[in-house]
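A.B. asks: The structure file model-v6.tsv (TSV, C-alpha atoms) is provided below.
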chain	number	residue	atom	x	y	z
N	1	MET	CA	0.00	0.00	0.00
N	2	ALA	CA	1.37	3.40	-1.02
N	3	ASP	CA	2.42	5.79	1.73
N	4	GLY	CA	-0.27	8.36	2.45
N	5	ALA	CA	-3.01	6.27	0.78
N	6	LEU	CA	-6.52	6.79	2.09
N	7	ASN	CA	-8.17	3.91	3.92
N	8	VAL	CA	-11.98	3.90	3.72
N	9	LEU	CA	-14.53	2.09	5.87
N	10	VAL	CA	-17.85	1.37	4.14
N	11	ILE	CA	-20.58	0.24	6.55
N	12	GLY	CA	-23.25	-2.18	5.36
N	13	SER	CA	-23.77	-5.45	3.51
N	14	GLY	CA	-26.01	-4.78	0.51
N	15	GLY	CA	-25.66	-4.16	-3.20
N	16	ARG	CA	-25.37	-0.45	-2.47
N	17	GLU	CA	-22.34	-1.03	-0.24
N	18	HIS	CA	-20.76	-3.38	-2.79
N	19	ALA	CA	-21.18	-0.67	-5.47
N	20	LEU	CA	-19.73	2.01	-3.17
N	21	ALA	CA	-16.73	-0.17	-2.30
N	22	TRP	CA	-16.19	-0.99	-5.99
N	23	ALA	CA	-16.28	2.69	-7.00
N	24	LEU	CA	-14.02	3.82	-4.14
N	25	ALA	CA	-11.50	1.05	-4.82
N	26	LYS	CA	-11.01	2.38	-8.36
N	27	SER	CA	-9.26	5.45	-6.93
N	28	SER	CA	-5.46	5.47	-7.11
N	29	LYS	CA	-5.54	7.50	-3.88
N	30	VAL	CA	-7.30	4.74	-1.93
N	31	GLY	CA	-5.18	2.08	-0.27
N	32	LYS	CA	-7.83	-0.16	1.30
N	33	VAL	CA	-11.63	-0.29	1.38
N	34	PHE	CA	-12.90	-2.11	4.45
N	35	VAL	CA	-16.56	-3.20	4.39
N	36	ALA	CA	-18.31	-3.95	7.67
N	37	PRO	CA	-19.69	-6.54	7.55
N	38	GLY	CA	-19.76	-6.85	3.74
N	39	ASN	CA	-21.10	-9.83	1.78
N	40	GLY	CA	-20.03	-12.67	-0.49
N	41	GLY	CA	-19.34	-10.24	-3.32
N	42	THR	CA	-17.19	-7.80	-1.41
N	43	ALA	CA	-15.29	-10.77	0.05
N	44	LYS	CA	-13.62	-11.53	-3.28
N	45	SER	CA	-14.21	-8.64	-5.69
N	46	SER	CA	-10.86	-6.84	-5.36
N	47	ALA	CA	-7.52	-7.11	-3.58
N	48	LYS	CA	-8.22	-3.61	-2.26
N	49	ILE	CA	-11.55	-4.58	-0.68
N	50	GLU	CA	-11.69	-6.49	2.61
N	51	ASN	CA	-14.65	-7.57	4.74
N	52	VAL	CA	-14.65	-6.80	8.46
N	53	PRO	CA	-16.80	-9.02	10.73
N	54	ILE	CA	-18.48	-6.14	12.61
N	55	GLY	CA	-22.17	-5.32	12.30
N	56	HIS	CA	-23.81	-1.89	12.32
N	57	GLU	CA	-26.24	-2.07	15.22
N	58	LYS	CA	-25.91	0.80	17.67
N	59	SER	CA	-24.12	-1.56	20.06
N	60	ASP	CA	-21.48	-2.12	17.34
N	61	PHE	CA	-20.53	1.56	17.05
N	62	PRO	CA	-17.68	1.44	19.62
N	63	SER	CA	-16.14	-1.58	17.81
N	64	LEU	CA	-16.39	0.19	14.45
N	65	VAL	CA	-14.75	3.32	15.85
N	66	GLU	CA	-11.97	1.26	17.44
N	67	PHE	CA	-11.39	-0.60	14.16
N	68	ALA	CA	-11.24	2.65	12.18
N	69	GLN	CA	-8.71	4.16	14.57
N	70	SER	CA	-6.49	1.06	14.65
N	71	HIS	CA	-6.50	0.71	10.83
N	72	ASN	CA	-5.80	4.36	9.98
N	73	VAL	CA	-9.19	4.90	8.35
N	74	GLY	CA	-9.45	8.44	6.99
N	75	LEU	CA	-13.02	8.30	5.65
N	76	VAL	CA	-16.14	6.47	6.80
N	77	VAL	CA	-19.10	5.90	4.45
N	78	PRO	CA	-22.21	4.52	6.20
N	79	GLY	CA	-24.58	2.83	3.74
N	80	PRO	CA	-27.88	1.94	5.44
N	81	GLU	CA	-30.30	4.41	6.99
N	82	GLN	CA	-30.68	2.79	10.42
N	83	PRO	CA	-27.11	3.42	11.69
N	84	LEU	CA	-27.34	7.00	10.39
N	85	VAL	CA	-30.60	7.57	12.27
N	86	ASP	CA	-28.95	5.95	15.31
N	87	GLY	CA	-26.10	8.48	15.21
N	88	ILE	CA	-23.14	6.62	13.71
N	89	THR	CA	-21.82	9.82	12.10
N	90	ASP	CA	-21.74	11.54	15.48
N	91	SER	CA	-19.78	8.62	16.97
N	92	PHE	CA	-16.97	8.97	14.41
N	93	LYS	CA	-16.92	12.77	14.46
N	94	LYS	CA	-16.32	12.68	18.21
N	95	VAL	CA	-12.92	11.07	17.54
N	96	GLY	CA	-12.09	13.30	14.55
N	97	THR	CA	-12.70	10.80	11.72
N	98	ALA	CA	-14.19	12.24	8.51
N	99	VAL	CA	-17.64	10.82	7.72
N	100	PHE	CA	-19.63	11.05	4.51
N	101	GLY	CA	-23.05	10.89	6.11
N	102	PRO	CA	-25.53	13.08	8.00
N	103	SER	CA	-25.81	13.59	11.73
N	104	ALA	CA	-28.60	11.87	13.66
N	105	LYS	CA	-30.54	15.16	13.62
N	106	ALA	CA	-30.28	15.47	9.83
N	107	ALA	CA	-31.03	11.76	9.32
N	108	ARG	CA	-34.41	12.35	10.97
N	109	MET	CA	-35.50	13.55	7.53
N	110	GLU	CA	-35.74	9.84	6.68
N	111	GLY	CA	-36.29	8.49	10.17
N	112	SER	CA	-39.62	10.30	10.48
N	113	LYS	CA	-41.77	10.85	7.40
N	114	ALA	CA	-44.09	12.99	9.52
N	115	PHE	CA	-41.18	15.26	10.51
N	116	SER	CA	-40.02	15.55	6.89
N	117	LYS	CA	-43.52	16.40	5.58
N	118	ASP	CA	-43.79	19.19	8.14
N	119	PHE	CA	-40.33	20.41	7.02
N	120	MET	CA	-41.50	20.51	3.38
N	121	LYS	CA	-44.57	22.52	4.36
N	122	LYS	CA	-42.51	24.96	6.45
N	123	HIS	CA	-40.03	25.65	3.64
N	124	GLY	CA	-42.50	25.85	0.77
N	125	ILE	CA	-41.32	22.68	-0.96
N	126	PRO	CA	-43.90	21.27	-3.41
N	127	THR	CA	-45.37	17.99	-2.12
N	128	ALA	CA	-48.68	16.13	-1.80
N	129	ALA	CA	-51.46	17.20	0.58
N	130	TYR	CA	-51.14	15.14	3.78
N	131	GLY	CA	-52.03	14.47	7.40
N	132	ASN	CA	-49.91	13.00	10.22
N	133	PHE	CA	-51.58	10.69	12.74
N	134	THR	CA	-50.75	8.77	15.91
N	135	ASP	CA	-54.40	8.02	16.73
N	136	TYR	CA	-55.96	5.20	14.70
N	137	GLU	CA	-59.54	6.49	14.88
N	138	GLU	CA	-58.52	9.97	13.73
N	139	ALA	CA	-56.53	8.46	10.86
N	140	ARG	CA	-59.46	6.21	9.94
N	141	GLN	CA	-61.79	9.21	9.85
N	142	PHE	CA	-59.35	11.11	7.63
N	143	VAL	CA	-59.28	8.25	5.12
N	144	GLN	CA	-63.06	7.85	5.28
N	145	ASN	CA	-63.63	11.54	4.51
N	146	ALA	CA	-60.80	12.05	1.99
N	147	SER	CA	-61.96	13.35	-1.39
N	148	PHE	CA	-58.82	11.98	-3.07
N	149	ASP	CA	-57.09	8.63	-3.41
N	150	VAL	CA	-54.55	8.14	-0.64
N	151	VAL	CA	-51.15	6.64	0.10
N	152	ILE	CA	-50.50	5.14	3.55
N	153	LYS	CA	-46.95	5.55	4.88
N	154	ALA	CA	-45.46	4.25	8.11
N	155	SER	CA	-43.62	7.29	9.45
N	156	GLY	CA	-40.64	5.36	10.84
N	157	LEU	CA	-38.03	3.21	9.12
N	158	ALA	CA	-39.45	0.10	7.45
N	159	ALA	CA	-36.58	-1.04	5.19
N	160	GLY	CA	-38.08	0.73	2.18
N	161	LYS	CA	-41.32	-1.27	2.41
N	162	GLY	CA	-43.52	0.95	4.62
N	163	VAL	CA	-45.52	2.54	1.79
N	164	ILE	CA	-48.90	1.12	0.75
N	165	ILE	CA	-50.79	2.34	-2.33
N	166	PRO	CA	-54.39	1.06	-2.00
N	167	LYS	CA	-56.69	0.95	-5.01
N	168	THR	CA	-59.98	1.47	-3.13
N	169	LYS	CA	-61.20	3.13	0.07
N	170	GLU	CA	-61.77	-0.34	1.56
N	171	GLU	CA	-58.17	-1.29	0.78
N	172	ALA	CA	-56.99	1.99	2.32
N	173	LEU	CA	-58.87	1.31	5.56
N	174	GLY	CA	-57.48	-2.23	5.63
N	175	ALA	CA	-53.94	-0.96	5.04
N	176	LEU	CA	-54.32	1.58	7.83
N	177	LYS	CA	-55.44	-1.14	10.23
N	178	SER	CA	-52.55	-3.41	9.24
N	179	VAL	CA	-50.03	-0.61	9.96
N	180	MET	CA	-51.48	0.99	13.10
N	181	VAL	CA	-53.39	-1.86	14.77
N	182	ASP	CA	-51.84	-5.10	13.50
N	183	ARG	CA	-48.40	-3.38	13.50
N	184	GLU	CA	-47.24	-4.87	10.21
N	185	PHE	CA	-44.14	-2.64	10.33
N	186	GLY	CA	-43.69	-2.67	14.11
N	187	SER	CA	-42.90	0.63	15.80
N	188	ALA	CA	-42.37	2.27	12.38
N	189	GLY	CA	-46.18	2.46	12.23
N	190	ASP	CA	-46.66	4.22	15.57
N	191	GLU	CA	-47.25	7.33	13.47
N	192	VAL	CA	-48.54	7.34	9.91
N	193	VAL	CA	-48.58	9.84	7.08
N	194	ILE	CA	-51.68	9.73	4.91
N	195	GLU	CA	-51.22	11.73	1.75
N	196	GLU	CA	-52.81	12.42	-1.58
N	197	LEU	CA	-51.91	9.93	-4.31
N	198	LEU	CA	-49.94	11.79	-6.96
N	199	VAL	CA	-50.13	10.68	-10.59
N	200	GLY	CA	-47.27	10.81	-13.07
N	201	GLN	CA	-43.80	9.45	-13.74
N	202	GLU	CA	-41.64	8.85	-10.67
N	203	ILE	CA	-37.91	9.60	-10.57
N	204	SER	CA	-35.15	9.42	-7.99
N	205	ILE	CA	-32.39	12.00	-7.55
N	206	LEU	CA	-29.25	11.20	-5.55
N	207	SER	CA	-27.45	14.39	-4.50
N	208	ILE	CA	-24.17	15.07	-2.70
N	209	SER	CA	-24.03	17.91	-0.18
N	210	ASP	CA	-21.63	19.42	2.33
N	211	GLY	CA	-24.39	21.42	4.00
N	212	TYR	CA	-24.08	24.35	1.54
N	213	THR	CA	-23.36	23.12	-1.98
N	214	VAL	CA	-25.53	20.42	-3.61
N	215	ASP	CA	-24.57	18.46	-6.74
N	216	SER	CA	-26.58	15.61	-8.23
N	217	PHE	CA	-26.16	12.33	-10.09
N	218	PRO	CA	-28.25	11.66	-13.22
N	219	ALA	CA	-31.91	10.98	-12.44
N	220	ALA	CA	-32.85	7.31	-12.09
N	221	GLN	CA	-36.09	5.34	-12.24
N	222	ASP	CA	-36.50	2.17	-10.18
N	223	HIS	CA	-39.13	-0.55	-10.19
N	224	LYS	CA	-40.69	-1.49	-6.86
N	225	ARG	CA	-43.18	-4.23	-7.72
N	226	ALA	CA	-41.91	-7.80	-7.36
N	227	TYR	CA	-43.28	-9.14	-10.65
N	228	ASP	CA	-43.34	-8.17	-14.31
N	229	ASN	CA	-45.87	-5.67	-15.69
N	230	ASP	CA	-45.80	-3.60	-12.47
N	231	GLU	CA	-47.58	-6.33	-10.52
N	232	GLY	CA	-47.03	-7.94	-7.13
N	233	PRO	CA	-46.08	-6.54	-3.72
N	234	ASN	CA	-43.85	-3.53	-3.18
N	235	THR	CA	-40.17	-4.33	-2.57
N	236	GLY	CA	-37.03	-2.40	-1.78
N	237	GLY	CA	-36.49	-2.22	-5.56
N	238	MET	CA	-36.22	-4.88	-8.28
N	239	GLY	CA	-34.20	-2.86	-10.77
N	240	ALA	CA	-33.33	0.62	-11.98
N	241	TYR	CA	-31.89	2.57	-14.90
N	242	ALA	CA	-30.26	5.97	-15.40
N	243	PRO	CA	-30.34	8.57	-16.78
N	244	ALA	CA	-34.16	8.61	-16.93
N	245	PRO	CA	-35.15	10.29	-20.22
N	246	VAL	CA	-38.31	11.73	-18.65
N	247	ALA	CA	-36.09	13.96	-16.45
N	248	THR	CA	-35.48	16.73	-18.96
N	249	PRO	CA	-32.92	19.49	-18.33
N	250	GLN	CA	-35.76	21.91	-17.51
N	251	ILE	CA	-37.31	19.48	-14.99
N	252	LEU	CA	-33.92	18.92	-13.35
N	253	LYS	CA	-33.35	22.69	-13.13
N	254	THR	CA	-36.77	23.14	-11.49
N	255	ILE	CA	-36.03	20.33	-9.01
N	256	HIS	CA	-32.65	21.82	-8.12
N	257	GLU	CA	-34.05	25.29	-7.49
N	258	SER	CA	-37.45	24.50	-5.94
N	259	VAL	CA	-36.50	21.45	-3.85
N	260	LEU	CA	-32.81	20.53	-3.51
N	261	LYS	CA	-31.38	23.99	-2.78
N	262	LYS	CA	-34.38	24.90	-0.58
N	263	SER	CA	-33.93	21.63	1.34
N	264	ILE	CA	-30.20	22.03	1.98
N	265	ASP	CA	-30.62	25.70	2.92
N	266	GLY	CA	-33.62	24.90	5.13
N	267	MET	CA	-31.86	22.14	7.03
N	268	ARG	CA	-28.88	24.39	7.68
N	269	LYS	CA	-31.11	27.24	8.84
N	270	ASP	CA	-33.06	24.85	11.09
N	271	GLY	CA	-29.85	23.80	12.84
N	272	PHE	CA	-29.07	20.44	11.23
N	273	PRO	CA	-26.93	20.96	8.11
N	274	PHE	CA	-27.00	17.95	5.81
N	275	VAL	CA	-23.70	16.29	4.84
N	276	GLY	CA	-23.80	13.15	2.72
N	277	CYS	CA	-26.14	11.76	0.07
N	278	LEU	CA	-29.65	13.23	0.01
N	279	PHE	CA	-31.85	10.79	-1.91
N	280	THR	CA	-35.10	12.40	-3.05
N	281	GLY	CA	-38.07	10.82	-4.80
N	282	PHE	CA	-40.28	12.89	-7.10
N	283	MET	CA	-43.56	12.51	-8.93
N	284	LEU	CA	-43.63	14.44	-12.19
N	285	THR	CA	-47.22	15.68	-12.08
N	286	ALA	CA	-49.19	17.91	-14.44
N	287	ASP	CA	-48.49	20.71	-11.91
N	288	GLY	CA	-44.74	20.11	-11.97
N	289	PRO	CA	-42.36	17.94	-9.90
N	290	LYS	CA	-43.56	17.19	-6.37
N	291	LEU	CA	-41.38	15.74	-3.65
N	292	LEU	CA	-42.46	12.33	-2.34
N	293	GLU	CA	-39.86	11.79	0.38
N	294	TYR	CA	-36.33	12.33	1.64
N	295	ASN	CA	-33.83	9.57	2.29
N	296	CYS	CA	-30.57	10.27	4.11
N	297	ARG	CA	-28.33	7.86	2.17
N	298	PHE	CA	-27.68	6.35	-1.24
N	299	GLY	CA	-30.65	4.53	-2.75
N	300	ASP	CA	-30.63	0.83	-3.49
N	301	PRO	CA	-30.70	-0.23	-6.35
N	302	GLU	CA	-30.22	3.31	-7.76
N	303	THR	CA	-26.61	3.41	-6.53
N	304	GLU	CA	-25.74	0.47	-8.73
N	305	VAL	CA	-26.71	2.42	-11.87
N	306	VAL	CA	-25.48	5.96	-11.08
N	307	LEU	CA	-21.98	5.10	-9.84
N	308	PRO	CA	-20.96	3.36	-13.10
N	309	LEU	CA	-21.86	6.60	-14.91
N	310	LEU	CA	-19.14	8.59	-13.10
N	311	ASP	CA	-16.46	9.88	-15.44
N	312	ASP	CA	-13.18	7.97	-15.10
N	313	ALA	CA	-11.48	11.21	-14.06
N	314	CYS	CA	-13.98	11.80	-11.23
N	315	ASP	CA	-12.54	10.28	-8.04
N	316	LEU	CA	-15.39	9.33	-5.67
N	317	SER	CA	-13.10	9.41	-2.64
N	318	ASP	CA	-12.22	13.03	-3.47
N	319	VAL	CA	-15.91	13.92	-3.73
N	320	PHE	CA	-16.83	12.23	-0.42
N	321	LEU	CA	-13.90	13.79	1.46
N	322	ALA	CA	-14.70	17.22	0.03
N	323	ALA	CA	-18.30	16.91	1.21
N	324	ALA	CA	-17.24	15.72	4.67
N	325	GLU	CA	-14.80	18.65	4.96
N	326	GLY	CA	-17.18	21.36	3.68
N	327	ARG	CA	-15.46	22.11	0.35
N	328	LEU	CA	-17.67	20.36	-2.20
N	329	ASP	CA	-17.77	23.46	-4.41
N	330	ALA	CA	-14.15	22.67	-5.36
N	331	VAL	CA	-14.76	19.03	-6.38
N	332	PRO	CA	-17.67	18.73	-8.83
N	333	LEU	CA	-19.22	15.49	-10.02
N	334	ALA	CA	-18.60	14.55	-13.67
N	335	PHE	CA	-20.26	11.86	-15.78
N	336	LYS	CA	-19.62	9.91	-18.94
N	337	LYS	CA	-22.18	9.70	-21.74
N	338	GLY	CA	-24.27	6.56	-21.75
N	339	TYR	CA	-26.82	4.61	-19.76
N	340	ALA	CA	-26.76	1.99	-17.02
N	341	ALA	CA	-29.39	-0.52	-15.92
N	342	THR	CA	-29.61	-3.10	-13.16
N	343	VAL	CA	-31.91	-6.07	-12.60
N	344	ILE	CA	-32.26	-7.72	-9.19
N	345	MET	CA	-32.09	-11.49	-8.94
N	346	ALA	CA	-33.95	-12.54	-5.76
N	347	SER	CA	-34.89	-15.81	-4.09
N	348	GLY	CA	-38.44	-17.04	-4.73
N	349	GLY	CA	-40.97	-15.61	-2.27
N	350	TYR	CA	-39.27	-12.23	-1.82
N	351	PRO	CA	-40.30	-9.76	-0.36
N	352	GLY	CA	-42.19	-12.16	1.93
N	353	SER	CA	-40.58	-15.14	3.63
N	354	TYR	CA	-38.18	-16.94	1.30
N	355	SER	CA	-35.73	-19.82	1.44
N	356	LYS	CA	-32.03	-19.07	1.91
N	357	GLY	CA	-28.70	-20.81	1.50
N	358	HIS	CA	-28.93	-21.56	-2.23
N	359	ALA	CA	-25.74	-21.58	-4.30
N	360	ILE	CA	-25.78	-18.87	-7.00
N	361	ALA	CA	-24.46	-19.81	-10.43
N	362	PHE	CA	-24.70	-18.19	-13.86
N	363	GLY	CA	-22.74	-18.05	-17.11
N	364	GLN	CA	-20.15	-15.50	-18.16
N	365	PRO	CA	-21.78	-12.05	-18.06
N	366	PRO	CA	-21.51	-9.75	-21.09
N	367	GLN	CA	-18.75	-7.16	-21.36
N	368	GLU	CA	-19.26	-3.96	-19.37
N	369	THR	CA	-21.44	-5.86	-16.90
N	370	GLN	CA	-20.79	-5.59	-13.17
N	371	ILE	CA	-22.24	-8.03	-10.62
N	372	PHE	CA	-23.09	-6.49	-7.23
N	373	HIS	CA	-24.08	-8.72	-4.32
N	374	ALA	CA	-26.63	-8.28	-1.53
N	375	GLY	CA	-27.53	-10.82	1.13
N	376	THR	CA	-24.88	-13.32	-0.02
N	377	LYS	CA	-22.02	-15.06	1.75
N	378	LEU	CA	-19.05	-17.16	0.75
N	379	ASN	CA	-19.09	-20.86	1.54
N	380	GLY	CA	-15.69	-22.09	0.41
N	381	ASP	CA	-15.50	-21.02	-3.23
N	382	THR	CA	-19.28	-20.88	-3.61
N	383	THR	CA	-21.46	-17.79	-3.17
Represent the supplied structure as structure tokens.
C.D. replies:
Amino acid sequence: MADGALNVLVIGSGGREHALAWALAKSSKVGKVFVAPGNGGTAKSSAKIENVPIGHEKSDFPSLVEFAQSHNVGLVVPGPEQPLVDGITDSFKKVGTAVFGPSAKAARMEGSKAFSKDFMKKHGIPTAAYGNFTDYEEARQFVQNASFDVVIKASGLAAGKGVIIPKTKEEALGALKSVMVDREFGSAGDEVVIEELLVGQEISILSISDGYTVDSFPAAQDHKRAYDNDEGPNTGGMGAYAPAPVATPQILKTIHESVLKKSIDGMRKDGFPFVGCLFTGFMLTADGPKLLEYNCRFGDPETEVVLPLLDDACDLSDVFLAAAEGRLDAVPLAFKKGYAATVIMASGGYPGSYSKGHAIAFGQPPQETQIFHAGTKLNGDTT
């Protein structure tokens, strides 16, 4: 390893973390990319990438900090939302380690959908009409009296699966009961957001911020339903592609000015500047783009299609360090021309209960194809 090389610690075990490790390892400035805990793909994808058998529960934070200090880690990149909401960034900042990720206060923008909807309203950010509820009967009455089709959202974290889009009022009332009474999503459903169903094309924007500057990746579109033809239950995402042609330059300019800049400025003014990846979902309605939600980290599977679009001269470790150190305006993102797409291969039964432990085998993939792993492990030479 070259003297002065940057060691990076990526936290997580999904396809997103595999893609982040892969992109960071391409940098000539990076010596080692540790992934805690990693997966079967990160275990053997590069000599630069090494798995670390430490989880990312809140009780694991002291072990992660100790590992980073003992292995000269100069940059930490948390992947999943839960450790960010739990305050992992604050744990590393206390010991002076640079972190590309928001504070616990800023991560509340994803940790509480009710909080984030109120933030949008306060700062004049275009979004759907909504109501926040902790009382089941009040929520039920709101649905019963609503003059528009609704979306039911568990306010807390539900692994990307806490959104229900009912087709009828009866389905909406049933969904509300399953979230608030039957506790389908556990404590994530202690509070719900009921909002107007917006109609149009949906896009995702992943943006980098240092709390002042905001710069974005090409817009992506993902596919949530488990089956073909937009059928089946909602999942964490079954595939994505970027750039999304529906996101025209004018639409992207409107989104930057009316949502992204307002959001970053608003969070800073409200006392929780956002550093890291702000992942925003939009519905492109007849009245213009409307914000669906904030996420405080890279999207999955969107990450797997936007990172391969980075220009070869754009060093992701430089970008992340610049954001963590408040100088993102000096290190812009740059992209190559072209498109990227990803398709998720999942075990039968997903997103419900599904069997595990199957060996994964396939033929030689085409050129310019990258395989990212999630939920896999090595068993000898078999994944």
A.B. asks: With only C-alpha atoms as the atoms that count, which of N:Gly380, N:Gly96, N:Gly124, N:Gly111 lies nearest to N:Cys296?
C.D. replies: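 Distance minimum relative to N:Cys296 lands on N:Gly111.
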A.B. asks: Identify which of the residues N:Gly38, N:Val76, N:Ser216, N:Ile88 lies closest to N:Ser59, counting only C-alpha atoms when measuring atom-to-atom distances.
C.D. replies: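 Checking each of N:Gly38, N:Val76, N:Ser216, N:Ile88 against N:Ser59, counting only C-alpha atoms, the winner is N:Ile88.
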A.B. asks: Find the distance between atom CA of N:Phe217 and atom CA of N:Arg327 and write it in Å to one decimal.
C.D. replies: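 Spanning atom CA of N:Phe217 to atom CA of N:Arg327 is a straight-line distance of 17.9 Å.
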A.B. asks: Using Å and a single decimal, report how far atom CA of N:Phe279 sits from atom CA of N:Ile205.
C.D. replies: 5.8 Å
A.B. asks: Provide the atom CA of N:Ile371 to atom CA of N:Glu231 distance in Å, to one decimal place.
C.D. replies: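 Spanning atom CA of N:Ile371 to atom CA of N:Glu231 is a straight-line distance of 25.4 Å.
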